[in-house]
Amino acid sequence: MPDLTTKNAAIPAQRDGAVEPKPEKPRSLGLDAWHDLRKRPIFLISAALIVLLVLFAIAPSLFTSVDPRAGDLRNHYLAKPNYLHFFQADWFGYDGQGRSIYARMIYGARASVVVGICVTAGVTVLGGLLGMIAGYYGGWVDTIVSRFTDMVFGIPLLLGALVMLNAFQVRTVWSVVFALVVLGWTQMTRVMRGSVITVKQSDYVTAAKALGAGTGRIMFKHILPNAIAPVIVVATIALGGYIATEATLSFLGIGLQDPTISWGIDINSAQKVIRTAPFALFFPAGMLSVTVLAFIMLGDAVRDALDPKLR
């Protein structure tokens, strides 16, 4: 006769016919932050705005069929907005050259998004690499990198970009990206250096060195994943600042040039008619403000999710 006690012991404990749930696997820091972000209204609102801006940049023809460079001074010179004509050329009125403000507002997102993303990626890679090298090696390497960083950091970003962009005869999106990357990497270097100095003192880094792991493996497999969180937060917030800087340079006439469509160029043109047609200034300036605010809100939400002390 079979041993029923042994056989029943192999069956999972049940209560009222329900099997006990399996223990949940531990989540990584990134996955845990993602679960936290999905519950934050500020993240959902900012993410929705950013997705909309990216769609403006990638496929503006989905939102308007109007040529943003076509002007009609005879019929459309500073024509007032018609707020009942949704998504049409005259929805936000016309500027001083008879061009649709709504169409230019949609197409202007492309230059701002490209500049913001490319500059952020450039300064994150360049500054993060220099900061990781300085923080990991220390000594004379840290001294040289830190002093050079301080020298570049002492140059005001806007003033330095004005001087550098004056050297370009034709200023395109990539000219602005180059100037901002060359001058804007210092903040990322400082943040990454401090984070690496903290992480490299951890026990798992010491254990990896004791096991004979190479420098590259330690830096990119053990230190970088655990030191990147503060850099991500700073980069997300700084992205909005780079978009505002590009608009400021274009407003001053040193940034982007026609025929490139930019909110800064439109703001510069609208200041001449601000008394007679304030709407020509309000819409591009409002679009710029909403864009910068969206990225700042996103950065705040990411910071709160990645920092357990703020939960």
# chains A, B, ... in the order shown; residues from 1 in each chain; ligands from 1
>>> closest_atom_pairs(of="segment 105-172 of chain A", to="segment 263-272 of chain A", cutoff="9 Å", atoms="only C-alpha atoms", output="JSON lines")
{"residue": "A:Met105", "atom": "CA", "partner": "A:Trp263", "partner_atom": "CA", "distance": 6.9}
{"residue": "A:Gly108", "atom": "CA", "partner": "A:Trp263", "partner_atom": "CA", "distance": 5.7}
{"residue": "A:Ala109", "atom": "CA", "partner": "A:Trp263", "partner_atom": "CA", "distance": 7.8}
{"residue": "A:Ala111", "atom": "CA", "partner": "A:Trp263", "partner_atom": "CA", "distance": 8.7}
{"residue": "A:Ser112", "atom": "CA", "partner": "A:Trp263", "partner_atom": "CA", "distance": 8.0}
>>> residues_around(residues="segment 40-47 of chain A", least_positions_apart="2", cutoff="10 Å", atoms="only C-alpha atoms", output="PyMOL selection string")
chain A and resi 35-38+49-53+290-291+293-302+304-305
>>> atom_distance(atom1="atom CA of Gly241 of chain A", atom2="atom CA of Val292 of chain A")
6.7 Å
>>> select_by_dssp(residues="segment 122-198 of chain A", states="helix (DSSP H, G or I)", output="ChimeraX atom specification")
/A:122-137,139-153,157-165,173-184,186-198
>>> atom_distance(atom1="atom CA of Val123 of chain A", atom2="atom CA of Lys200 of chain A")
22.6 Å
>>> closest_residue(among="A:Thr186, A:His222, A:Phe168, A:Ser175", to="Val145 of chain A", atoms="only C-alpha atoms")
A:Thr186
>>> residues_around(residues="Ser146 of chain A", least_positions_apart="4", cutoff="10 Å", atoms="only C-alpha atoms", output="number ranges by chain")
A: 130-131, 134-135, 140-142, 150-151, 186, 189-190, 193
>>> closest_residue(among="A:Met287, A:Asp258, A:Pro60, A:Ala70", to="Arg171 of chain A", atoms="only C-alpha atoms")
A:Asp258
>>> closest_residue(among="A:Val196, A:Leu84, A:Thr143, A:Gly127", to="Leu183 of chain A", atoms="only C-alpha atoms")
A:Gly127
>>> closest_residue(among="A:Thr236, A:Ser289, A:Thr276, A:Ser100", to="Ala121 of chain A", atoms="only C-alpha atoms")
A:Thr236
>>> atom_distance(atom1="atom CA of Met132 of chain A", atom2="atom CA of Ile223 of chain A")
8.7 Å
>>> closest_residue(among="A:Ile228, A:Leu256, A:Leu180, A:Leu126", to="Thr149 of chain A", atoms="only C-alpha atoms")
A:Leu126
>>> decode(residues="segment 36-50 of chain A", atoms="all heavy atoms", output="mmCIF file, in the first residue's frame")
data_model
loop_
_atom_site.group_PDB
_atom_site.id
_atom_site.type_symbol
_atom_site.label_atom_id
_atom_site.label_comp_id
_atom_site.auth_asym_id
_atom_site.auth_seq_id
_atom_site.Cartn_x
_atom_site.Cartn_y
_atom_site.Cartn_z
ATOM 1 N N ASP A 36 6.779 53.100 -10.479
ATOM 2 C CA ASP A 36 6.440 54.292 -9.712
ATOM 3 C C ASP A 36 6.025 55.447 -10.622
ATOM 4 O O ASP A 36 5.097 56.202 -10.302
ATOM 5 C CB ASP A 36 7.633 54.696 -8.850
ATOM 6 C CG ASP A 36 7.329 55.887 -7.960
ATOM 7 O OD1 ASP A 36 6.574 55.714 -6.994
ATOM 8 O OD2 ASP A 36 7.847 56.983 -8.239
ATOM 9 N N LEU A 37 6.705 55.578 -11.773
ATOM 10 C CA LEU A 37 6.397 56.670 -12.692
ATOM 11 C C LEU A 37 4.990 56.563 -13.249
ATOM 12 O O LEU A 37 4.311 57.581 -13.448
ATOM 13 C CB LEU A 37 7.415 56.692 -13.837
ATOM 14 C CG LEU A 37 8.783 57.298 -13.535
ATOM 15 C CD1 LEU A 37 9.723 57.078 -14.708
ATOM 16 C CD2 LEU A 37 8.657 58.782 -13.231
ATOM 17 N N ARG A 38 4.553 55.349 -13.531
ATOM 18 C CA ARG A 38 3.227 55.162 -14.137
ATOM 19 C C ARG A 38 2.089 55.623 -13.227
ATOM 20 O O ARG A 38 0.967 55.818 -13.692
ATOM 21 C CB ARG A 38 3.024 53.698 -14.510
ATOM 22 C CG ARG A 38 3.928 53.229 -15.638
ATOM 23 C CD ARG A 38 3.565 51.842 -16.102
ATOM 24 N NE ARG A 38 3.684 50.870 -15.025
ATOM 25 C CZ ARG A 38 3.375 49.581 -15.161
ATOM 26 N NH1 ARG A 38 2.914 49.125 -16.316
ATOM 27 N NH2 ARG A 38 3.514 48.751 -14.150
ATOM 28 N N LYS A 39 2.379 55.817 -11.971
ATOM 29 C CA LYS A 39 1.349 56.244 -11.033
ATOM 30 C C LYS A 39 1.366 57.756 -10.796
ATOM 31 O O LYS A 39 0.535 58.256 -10.048
ATOM 32 C CB LYS A 39 1.543 55.524 -9.691
ATOM 33 C CG LYS A 39 1.510 54.011 -9.795
ATOM 34 C CD LYS A 39 1.822 53.363 -8.448
ATOM 35 C CE LYS A 39 1.878 51.845 -8.553
ATOM 36 N NZ LYS A 39 2.228 51.220 -7.248
ATOM 37 N N ARG A 40 2.308 58.445 -11.409
ATOM 38 C CA ARG A 40 2.460 59.877 -11.170
ATOM 39 C C ARG A 40 1.773 60.687 -12.272
ATOM 40 O O ARG A 40 2.152 60.601 -13.433
ATOM 41 C CB ARG A 40 3.939 60.262 -11.098
ATOM 42 C CG ARG A 40 4.677 59.638 -9.922
ATOM 43 C CD ARG A 40 6.138 60.019 -9.940
ATOM 44 N NE ARG A 40 6.850 59.460 -8.800
ATOM 45 C CZ ARG A 40 6.982 60.070 -7.624
ATOM 46 N NH1 ARG A 40 6.453 61.277 -7.464
ATOM 47 N NH2 ARG A 40 7.632 59.508 -6.638
ATOM 48 N N PRO A 41 0.774 61.508 -11.929
ATOM 49 C CA PRO A 41 0.096 62.322 -12.958
ATOM 50 C C PRO A 41 1.041 63.282 -13.668
ATOM 51 O O PRO A 41 0.898 63.526 -14.864
ATOM 52 C CB PRO A 41 -0.972 63.076 -12.152
ATOM 53 C CG PRO A 41 -1.180 62.261 -10.915
ATOM 54 C CD PRO A 41 0.140 61.644 -10.611
ATOM 55 N N ILE A 42 2.029 63.831 -12.942
ATOM 56 C CA ILE A 42 2.952 64.780 -13.559
ATOM 57 C C ILE A 42 3.762 64.104 -14.666
ATOM 58 O O ILE A 42 4.064 64.716 -15.698
ATOM 59 C CB ILE A 42 3.880 65.390 -12.481
ATOM 60 C CG1 ILE A 42 4.719 66.517 -13.080
ATOM 61 C CG2 ILE A 42 4.785 64.330 -11.871
ATOM 62 C CD1 ILE A 42 5.545 67.263 -12.041
ATOM 63 N N PHE A 43 4.090 62.836 -14.467
ATOM 64 C CA PHE A 43 4.829 62.104 -15.503
ATOM 65 C C PHE A 43 3.929 61.827 -16.702
ATOM 66 O O PHE A 43 4.360 61.975 -17.861
ATOM 67 C CB PHE A 43 5.357 60.784 -14.941
ATOM 68 C CG PHE A 43 5.893 59.853 -15.995
ATOM 69 C CD1 PHE A 43 7.124 60.081 -16.583
ATOM 70 C CD2 PHE A 43 5.147 58.757 -16.414
ATOM 71 C CE1 PHE A 43 7.618 59.231 -17.559
ATOM 72 C CE2 PHE A 43 5.640 57.907 -17.386
ATOM 73 C CZ PHE A 43 6.872 58.138 -17.963
ATOM 74 N N LEU A 44 2.700 61.426 -16.465
ATOM 75 C CA LEU A 44 1.790 61.105 -17.564
ATOM 76 C C LEU A 44 1.491 62.347 -18.408
ATOM 77 O O LEU A 44 1.465 62.269 -19.645
ATOM 78 C CB LEU A 44 0.494 60.511 -17.005
ATOM 79 C CG LEU A 44 0.650 59.194 -16.225
ATOM 80 C CD1 LEU A 44 -0.700 58.760 -15.653
ATOM 81 C CD2 LEU A 44 1.225 58.104 -17.120
ATOM 82 N N ILE A 45 1.287 63.484 -17.749
ATOM 83 C CA ILE A 45 0.997 64.722 -18.487
ATOM 84 C C ILE A 45 2.206 65.153 -19.306
ATOM 85 O O ILE A 45 2.084 65.474 -20.502
ATOM 86 C CB ILE A 45 0.570 65.830 -17.510
ATOM 87 C CG1 ILE A 45 -0.752 65.465 -16.835
ATOM 88 C CG2 ILE A 45 0.443 67.162 -18.236
ATOM 89 C CD1 ILE A 45 -1.156 66.416 -15.730
ATOM 90 N N SER A 46 3.379 65.177 -18.680
ATOM 91 C CA SER A 46 4.584 65.603 -19.399
ATOM 92 C C SER A 46 4.930 64.632 -20.521
ATOM 93 O O SER A 46 5.337 65.062 -21.613
ATOM 94 C CB SER A 46 5.753 65.724 -18.426
ATOM 95 O OG SER A 46 6.017 64.483 -17.792
ATOM 96 N N ALA A 47 4.770 63.344 -20.285
ATOM 97 C CA ALA A 47 5.069 62.360 -21.327
ATOM 98 C C ALA A 47 4.124 62.515 -22.518
ATOM 99 O O ALA A 47 4.540 62.406 -23.680
ATOM 100 C CB ALA A 47 4.976 60.944 -20.764
ATOM 101 N N ALA A 48 2.849 62.793 -22.243
ATOM 102 C CA ALA A 48 1.888 62.996 -23.331
ATOM 103 C C ALA A 48 2.254 64.229 -24.158
ATOM 104 O O ALA A 48 2.192 64.206 -25.396
ATOM 105 C CB ALA A 48 0.482 63.141 -22.758
ATOM 106 N N LEU A 49 2.662 65.309 -23.492
ATOM 107 C CA LEU A 49 3.062 66.515 -24.218
ATOM 108 C C LEU A 49 4.304 66.265 -25.064
ATOM 109 O O LEU A 49 4.393 66.722 -26.211
ATOM 110 C CB LEU A 49 3.326 67.648 -23.224
ATOM 111 C CG LEU A 49 2.100 68.239 -22.510
ATOM 112 C CD1 LEU A 49 2.542 69.233 -21.439
ATOM 113 C CD2 LEU A 49 1.177 68.920 -23.510
ATOM 114 N N ILE A 50 5.264 65.529 -24.520
ATOM 115 C CA ILE A 50 6.498 65.264 -25.255
ATOM 116 C C ILE A 50 6.238 64.357 -26.451
ATOM 117 O O ILE A 50 6.813 64.564 -27.529
ATOM 118 C CB ILE A 50 7.548 64.648 -24.306
ATOM 119 C CG1 ILE A 50 7.982 65.698 -23.282
ATOM 120 C CG2 ILE A 50 8.756 64.128 -25.083
ATOM 121 C CD1 ILE A 50 8.845 65.158 -22.178
#
